[in-house]
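With compact mmCIF, C-alpha atoms inside, this is coords11.txt:
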# COMPACT_ATOMS: atom_id res chain seq x y z
CA MET W 1 -12.03 21.29 -3.01
CA LYS W 2 -14.46 19.74 -5.48
CA VAL W 3 -16.33 16.57 -4.46
CA ILE W 4 -17.55 14.34 -7.29
CA THR W 5 -19.62 11.18 -6.95
CA SER W 6 -20.39 10.45 -10.62
CA ILE W 7 -18.00 8.62 -12.95
CA LYS W 8 -19.19 10.65 -15.94
CA GLU W 9 -18.72 13.95 -14.12
CA MET W 10 -15.26 12.90 -12.94
CA GLN W 11 -14.21 11.97 -16.46
CA GLN W 12 -15.48 15.28 -17.83
CA TYR W 13 -13.69 17.22 -15.09
CA ILE W 14 -10.40 15.41 -15.71
CA MET W 15 -10.73 15.92 -19.46
CA THR W 16 -10.96 19.68 -18.90
CA VAL W 17 -7.93 19.58 -16.60
CA LYS W 18 -5.90 17.58 -19.13
CA GLN W 19 -6.87 19.88 -22.00
CA SER W 20 -5.43 22.79 -20.04
CA GLY W 21 -2.09 20.97 -19.89
CA LYS W 22 -2.10 20.30 -16.15
CA THR W 23 -0.58 17.18 -14.60
CA VAL W 24 -2.69 15.00 -12.31
CA GLY W 25 -1.38 13.22 -9.23
CA PHE W 26 -3.66 10.49 -7.87
CA VAL W 27 -3.95 8.87 -4.44
CA PRO W 28 -6.53 6.03 -4.38
CA THR W 29 -7.79 5.20 -0.88
CA MET W 30 -10.58 3.36 0.91
CA GLY W 31 -10.98 6.29 3.27
CA TYR W 32 -10.61 6.52 7.03
CA LEU W 33 -7.56 8.62 6.24
CA HIS W 34 -4.44 8.50 8.41
CA GLU W 35 -0.96 9.98 8.37
CA GLY W 36 0.24 7.55 5.74
CA HIS W 37 -2.43 8.74 3.32
CA LEU W 38 -1.63 12.38 4.10
CA THR W 39 2.04 11.77 3.34
CA LEU W 40 1.07 10.41 -0.09
CA MET W 41 -1.15 13.43 -0.67
CA ASN W 42 1.53 15.92 0.30
CA GLN W 43 4.06 14.39 -2.08
CA ALA W 44 1.52 14.20 -4.89
CA LYS W 45 0.54 17.83 -4.27
CA ASN W 46 4.16 18.93 -4.55
CA GLU W 47 4.81 17.02 -7.76
CA ASN W 48 1.67 17.76 -9.80
CA ASP W 49 -0.58 20.62 -10.83
CA LEU W 50 -3.73 18.91 -9.54
CA LEU W 51 -4.22 16.44 -6.69
CA ALA W 52 -7.02 13.90 -7.09
CA VAL W 53 -7.95 11.51 -4.29
CA SER W 54 -10.53 8.75 -4.37
CA ILE W 55 -12.40 7.33 -1.40
CA PHE W 56 -14.08 4.05 -2.26
CA VAL W 57 -14.39 0.94 -0.12
CA ASN W 58 -14.00 -1.71 -2.80
CA PRO W 59 -16.08 -4.83 -2.12
CA LEU W 60 -14.16 -6.93 -4.64
CA GLN W 61 -11.01 -7.04 -2.50
CA PHE W 62 -12.70 -8.37 0.64
CA GLY W 63 -12.53 -12.11 1.27
CA PRO W 64 -15.28 -14.24 2.80
CA ASN W 65 -13.81 -13.81 6.29
CA GLU W 66 -13.28 -10.05 5.92
CA ASP W 67 -16.32 -7.94 6.75
CA PHE W 68 -16.87 -5.33 4.07
CA ASP W 69 -19.82 -3.89 5.98
CA SER W 70 -17.82 -3.21 9.15
CA TYR W 71 -14.88 -1.49 7.41
CA PRO W 72 -14.53 1.93 9.10
CA ARG W 73 -16.06 4.84 7.21
CA ASP W 74 -16.19 8.54 8.11
CA PHE W 75 -16.56 10.61 4.97
CA GLU W 76 -17.12 13.91 6.78
CA ARG W 77 -13.84 13.55 8.66
CA ASP W 78 -12.05 12.33 5.54
CA SER W 79 -13.28 15.22 3.40
CA GLN W 80 -12.14 17.74 6.02
CA LEU W 81 -8.68 16.15 6.14
CA ALA W 82 -8.51 16.03 2.35
CA GLU W 83 -9.39 19.70 1.97
CA LYS W 84 -6.97 20.69 4.73
CA ASN W 85 -4.19 18.83 2.92
CA GLY W 86 -4.72 20.50 -0.43
CA VAL W 87 -6.80 17.97 -2.33
CA ASP W 88 -8.27 19.61 -5.44
CA VAL W 89 -10.83 16.96 -6.34
CA LEU W 90 -12.22 14.17 -4.17
CA PHE W 91 -13.85 11.29 -6.05
CA HIS W 92 -16.33 9.48 -3.81
CA PRO W 93 -18.50 7.09 -5.82
CA SER W 94 -21.02 4.66 -4.38
CA THR W 95 -20.73 0.91 -4.87
CA GLU W 96 -23.69 1.12 -7.28
CA GLU W 97 -21.90 3.80 -9.30
CA MET W 98 -18.71 1.74 -9.62
CA TYR W 99 -20.43 -1.61 -10.13
CA PRO W 100 -23.94 -0.95 -11.51
CA THR W 101 -24.16 -4.52 -12.80
CA LYS W 102 -22.22 -7.71 -12.20
CA MET W 103 -18.81 -7.43 -13.88
CA SER W 104 -18.62 -9.32 -17.17
CA LEU W 105 -14.82 -9.06 -17.05
CA ALA W 106 -12.41 -8.82 -14.13
CA ALA W 107 -8.66 -8.84 -13.58
CA LYS W 108 -6.84 -11.98 -12.49
CA VAL W 109 -3.42 -11.47 -10.92
CA HIS W 110 -1.12 -14.41 -11.61
CA SER W 111 2.20 -13.39 -10.06
CA ARG W 112 3.58 -11.49 -7.06
CA ILE W 113 0.67 -12.65 -4.87
CA ASP W 114 1.50 -16.10 -3.46
CA VAL W 115 3.99 -14.75 -0.93
CA LEU W 116 3.92 -12.47 2.13
CA CYS W 117 0.40 -11.39 3.19
CA GLY W 118 -1.08 -12.29 -0.20
CA ARG W 119 -0.61 -15.97 0.57
CA GLN W 120 -3.46 -15.74 3.07
CA ARG W 121 -5.74 -13.45 1.04
CA ASN W 122 -7.01 -15.45 -1.91
CA GLY W 123 -8.56 -13.18 -4.53
CA HIS W 124 -7.68 -9.97 -2.71
CA PHE W 125 -5.33 -8.63 -5.36
CA ASP W 126 -7.73 -9.57 -8.15
CA GLY W 127 -10.16 -7.12 -6.55
CA VAL W 128 -7.45 -4.49 -6.12
CA ALA W 129 -6.38 -4.80 -9.75
CA THR W 130 -9.97 -4.65 -11.04
CA VAL W 131 -10.85 -1.47 -9.16
CA LEU W 132 -7.54 0.20 -10.07
CA ILE W 133 -8.12 -0.46 -13.77
CA LYS W 134 -11.46 1.33 -13.39
CA LEU W 135 -10.03 4.18 -11.32
CA PHE W 136 -7.04 4.70 -13.63
CA ASN W 137 -9.39 4.94 -16.61
CA ILE W 138 -11.67 7.37 -14.77
CA VAL W 139 -9.02 9.64 -13.24
CA GLN W 140 -6.32 9.28 -15.95
CA PRO W 141 -3.49 10.37 -13.66
CA ASP W 142 0.03 11.18 -14.75
CA ARG W 143 1.36 9.81 -11.46
CA ALA W 144 -0.18 7.41 -8.93
CA TYR W 145 1.04 7.30 -5.34
CA PHE W 146 1.14 4.19 -3.13
CA GLY W 147 2.77 3.62 0.26
CA LEU W 148 5.53 1.05 0.63
CA LYS W 149 4.00 -0.08 3.92
CA ASP W 150 2.10 -2.45 1.65
CA ALA W 151 5.05 -3.24 -0.61
CA GLN W 152 3.29 -6.26 -2.10
CA GLN W 153 0.46 -4.05 -3.31
CA VAL W 154 3.02 -1.67 -4.84
CA ALA W 155 4.57 -4.64 -6.66
CA VAL W 156 1.16 -5.72 -8.00
CA VAL W 157 0.37 -2.17 -9.15
CA ASP W 158 3.77 -2.01 -10.86
CA GLY W 159 2.85 -5.15 -12.81
CA LEU W 160 -0.61 -3.79 -13.61
CA ILE W 161 0.70 -0.51 -15.02
CA THR W 162 3.37 -2.32 -17.06
CA ASP W 163 1.20 -5.15 -18.39
CA PHE W 164 -1.71 -2.90 -19.42
CA ASN W 165 0.49 -0.08 -20.75
CA PHE W 166 -1.08 2.62 -18.60
CA PRO W 167 0.68 5.97 -19.28
CA ILE W 168 1.12 6.40 -15.53
CA THR W 169 4.23 6.79 -13.41
CA LEU W 170 4.02 4.72 -10.23
CA VAL W 171 5.45 6.63 -7.27
CA PRO W 172 6.19 4.39 -4.25
CA VAL W 173 6.38 6.46 -1.05
CA GLU W 174 8.53 5.44 1.89
CA ILE W 175 7.00 4.14 5.12
CA VAL W 176 6.15 6.81 7.70
CA ARG W 177 7.69 5.86 11.05
CA GLU W 178 7.54 6.79 14.70
CA GLU W 179 10.64 8.31 16.28
CA ASP W 180 11.85 4.88 17.37
CA GLY W 181 11.37 3.42 13.89
CA LEU W 182 8.07 1.58 14.32
CA ALA W 183 6.03 1.80 11.12
CA LYS W 184 3.03 4.03 11.75
CA SER W 185 -0.30 2.25 11.65
CA SER W 186 -3.77 2.75 13.06
CA ARG W 187 -3.35 -0.77 14.45
CA ASN W 188 -0.51 0.24 16.78
CA VAL W 189 -3.03 1.38 19.39
CA ASN W 190 -3.89 -2.29 19.90
CA LEU W 191 -0.43 -3.02 21.32
CA THR W 192 -0.16 -3.37 25.08
CA ASP W 193 2.19 -0.93 26.83
CA GLN W 194 4.90 -3.58 27.03
CA GLU W 195 4.42 -4.63 23.40
CA ARG W 196 4.73 -1.00 22.28
CA ILE W 197 8.08 -0.82 24.07
CA GLU W 198 9.19 -3.95 22.21
CA ALA W 199 7.72 -3.12 18.81
CA TYR W 200 10.58 -0.96 17.53
CA ARG W 201 12.69 -4.11 17.50
CA LEU W 202 10.98 -5.13 14.27
CA PHE W 203 12.51 -2.25 12.33
CA GLU W 204 15.74 -2.68 14.26
CA SER W 205 15.95 -6.28 13.02
CA LEU W 206 15.50 -5.09 9.44
CA GLN W 207 18.24 -2.50 9.85
CA MET W 208 20.57 -5.13 11.29
CA ALA W 209 19.81 -7.39 8.32
CA LYS W 210 20.53 -4.61 5.85
CA GLN W 211 23.84 -3.86 7.51
CA ALA W 212 24.82 -7.54 7.42
CA ILE W 213 24.11 -7.61 3.68
CA LEU W 214 26.05 -4.38 3.09
CA ASP W 215 28.92 -5.99 5.01
CA GLY W 216 28.94 -8.85 2.53
CA GLU W 217 26.48 -11.55 3.62
CA ARG W 218 24.67 -12.95 0.57
CA ASP W 219 22.82 -16.00 1.92
CA PRO W 220 19.11 -15.16 2.42
CA LYS W 221 18.71 -17.99 4.95
CA VAL W 222 21.41 -16.49 7.16
CA ILE W 223 19.71 -13.08 7.02
CA GLU W 224 16.29 -14.55 7.78
CA GLU W 225 17.69 -16.39 10.79
CA LEU W 226 19.38 -13.21 12.05
CA ILE W 227 16.04 -11.38 11.96
CA GLN W 228 14.12 -14.23 13.57
CA ASN W 229 16.59 -14.55 16.42
CA HIS W 230 16.53 -10.83 17.12
CA ILE W 231 12.73 -10.66 17.21
CA LEU W 232 12.37 -13.77 19.35
CA GLU W 233 15.03 -12.56 21.78
CA HIS W 234 13.69 -9.03 22.20
CA THR W 235 9.91 -9.27 21.80
CA SER W 236 7.00 -11.37 23.02
CA GLY W 237 5.51 -11.55 19.52
CA ASP W 238 5.05 -14.66 17.40
CA ILE W 239 6.68 -14.50 13.99
CA ASP W 240 4.27 -15.02 11.11
CA TYR W 241 6.90 -14.73 8.40
CA VAL W 242 10.37 -13.40 7.61
CA GLU W 243 10.90 -13.46 3.84
CA ILE W 244 13.33 -12.04 1.30
CA TYR W 245 12.58 -11.66 -2.41
CA ARG W 246 13.69 -9.90 -5.54
CA TYR W 247 11.68 -6.66 -5.83
CA PRO W 248 9.25 -5.85 -7.36
CA GLU W 249 9.04 -9.27 -9.02
CA LEU W 250 8.78 -11.04 -5.63
CA ASP W 251 10.82 -13.98 -6.95
CA GLU W 252 12.77 -16.21 -4.57
CA LEU W 253 16.51 -15.69 -4.28
CA THR W 254 19.30 -18.14 -3.61
CA GLU W 255 21.80 -15.29 -3.48
CA LEU W 256 21.16 -11.68 -2.53
CA THR W 257 21.73 -9.51 -5.60
CA GLY W 258 19.89 -6.64 -7.27
CA LYS W 259 16.94 -4.89 -5.66
CA ILE W 260 15.45 -6.88 -2.80
CA ILE W 261 12.71 -6.67 -0.20
CA ILE W 262 13.02 -7.97 3.34
CA ALA W 263 9.55 -8.29 4.85
CA ILE W 264 8.28 -9.41 8.24
CA ALA W 265 4.99 -9.99 10.00
CA VAL W 266 4.74 -10.49 13.76
CA LYS W 267 1.64 -11.30 15.80
CA PHE W 268 1.22 -9.68 19.19
CA THR W 269 -1.69 -10.20 21.59
CA ASN W 270 -4.29 -8.13 19.75
CA VAL W 271 -2.57 -7.04 16.55
CA ARG W 272 -0.43 -8.29 13.69
CA LEU W 273 2.30 -5.87 12.61
CA ILE W 274 4.01 -5.84 9.21
CA ASP W 275 7.14 -4.02 8.12
CA ASN W 276 9.65 -4.12 5.28
CA ILE W 277 12.62 -2.46 3.68
CA THR W 278 13.66 -2.44 0.02
CA PHE W 279 17.12 -1.61 -1.25
CA ASP W 280 19.75 -2.46 -3.86
CA VAL W 281 22.45 -4.95 -2.95

In structure tokens, how does this file's structure come out?
Amino acid sequence: MKVITSIKEMQQYIMTVKQSGKTVGFVPTMGYLHEGHLTLMNQAKNENDLLAVSIFVNPLQFGPNEDFDSYPRDFERDSQLAEKNGVDVLFHPSTEEMYPTKMSLAAKVHSRIDVLCGRQRNGHFDGVATVLIKLFNIVQPDRAYFGLKDAQQVAVVDGLITDFNFPITLVPVEIVREEDGLAKSSRNVNLTDQERIEAYRLFESLQMAKQAILDGERDPKVIEELIQNHILEHTSGDIDYVEIYRYPELDELTELTGKIIIAIAVKFTNVRLIDNITFDV
């Protein structure tokens, strides 16, 4: 595995790869790799000639109440995991390398952000879009891989690739789940024993909602109420939101048609869990 910290060196390396006719699969991360990242890497490895991964904690996507300095970092561990999982090139620039001077231009995301978790994270997706524009230009991937655990981010990236005409195929990768259906997350360890027993009910509520829609229900309010009742009846968590939108546009629906997302967020004692499903009605 090759580790590169310089933008210029990365661009030169990728140019050589492209000139040889190889395809590049790209997984952008902020490090502290977990099973979700490894799943993205494995799929990208299988579908491309070369697997490129970036590890960069992007300061532009942190809000005033989110501590950039305390974000977990362990590059030695991450590099070992990356090499073990077949990464060909690991791009690990410093903040000074990515942002040597104050940006004179930056991306502003106008749609797909004022719903779900984005509603509470003002400016977050502007930072995500800005760093991805830079990374896409540096790495020049044929395919870019993102996990559907953060389906809103996938929707924003879809808009970014379309609006700026990047010659990149976006590959959304399904959520990795525990045996009982709970979406895997490093945050799950913060559940109490009783909350962990209850937590699978979140995915169960989504499955019940999907079945109700497949059986003919088309009123989003009815589906939202079904989910809310199931979570309130079977867990001790407090519901943050239950929302249904057209996907990936994240437009509101009065009737369930086309491709949709059903997304939930539930607060437990020491952790807030999110989950979602997307499917065609």

Using all atoms listed in the file, determine which residues lie at most 12 Å from Pro93 of chain W, disregarding the query and same-chain residues fewer than 2 positions distant; provide the list as JSON, numbers by chain. {"W": [3, 4, 5, 6, 7, 8, 9, 10, 29, 30, 31, 53, 54, 55, 56, 57, 58, 75, 90, 91, 95, 96, 97, 98, 99, 100, 131, 134, 135, 138]}

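Minimum atom-to-atom distance to Asn190 of chain W, evaluated using only C-alpha atoms, belongs to W:Val271 out of W:Val271, W:Met1, W:Leu81, W:Leu256.
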
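Counting all atoms listed in the file, the residue from W:Asn188, W:Ser20, W:Asn48, W:Ser205 that sits nearest to Tyr145 of chain W is W:Asn48.
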
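Taking atom CA of Val156 of chain W and atom CA of Glu66 of chain W as the two end points, the separation is 20.5 Å.
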
Pick from W:Ser236, W:Thr16, W:Thr254, W:Asn137 nearest to Lys267 of chain W, counting only C-alpha atoms: W:Ser236

For segment 191-195 of chain W, please output as a PyMOL selection string all residues within 10 Å (counting only C-alpha atoms; exclusion window: fewer than 4 positions along the same chain). chain W and resi 187+199-200+235-237+268-273

Residues near segment 221-231 of chain W, cut-off 8 Å, all atoms listed in the file, skip fewer than 5 positions along chain, as a PyMOL selection string: chain W and resi 201-202+205-206+208-209+212-213+237+239+242-244

Which of W:Asn65, W:Thr130, W:Ser185, W:Thr101 sits closest to Gly147 of chain W [using only C-alpha atoms]: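 Looking only at the distances to Gly147 of chain W, the closest residue turns out to be W:Ser185.
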
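Atom CA of Tyr247 of chain W is positioned 10.0 Å from atom CA of Val154 of chain W.
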
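Nearest-residue note for Gly25 of chain W: choosing from W:Leu60, W:Leu40, W:Met103, W:Val281, the minimum distance belongs to W:Leu40, counting only C-alpha atoms.
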
Using only C-alpha atoms for the distances, tell me which of W:Leu160, W:Val115, W:Ile133, W:Ala144 is nearest to Ala263 of chain W.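 The shortest atom-to-atom distance to Ala263 of chain W comes from W:Val115.
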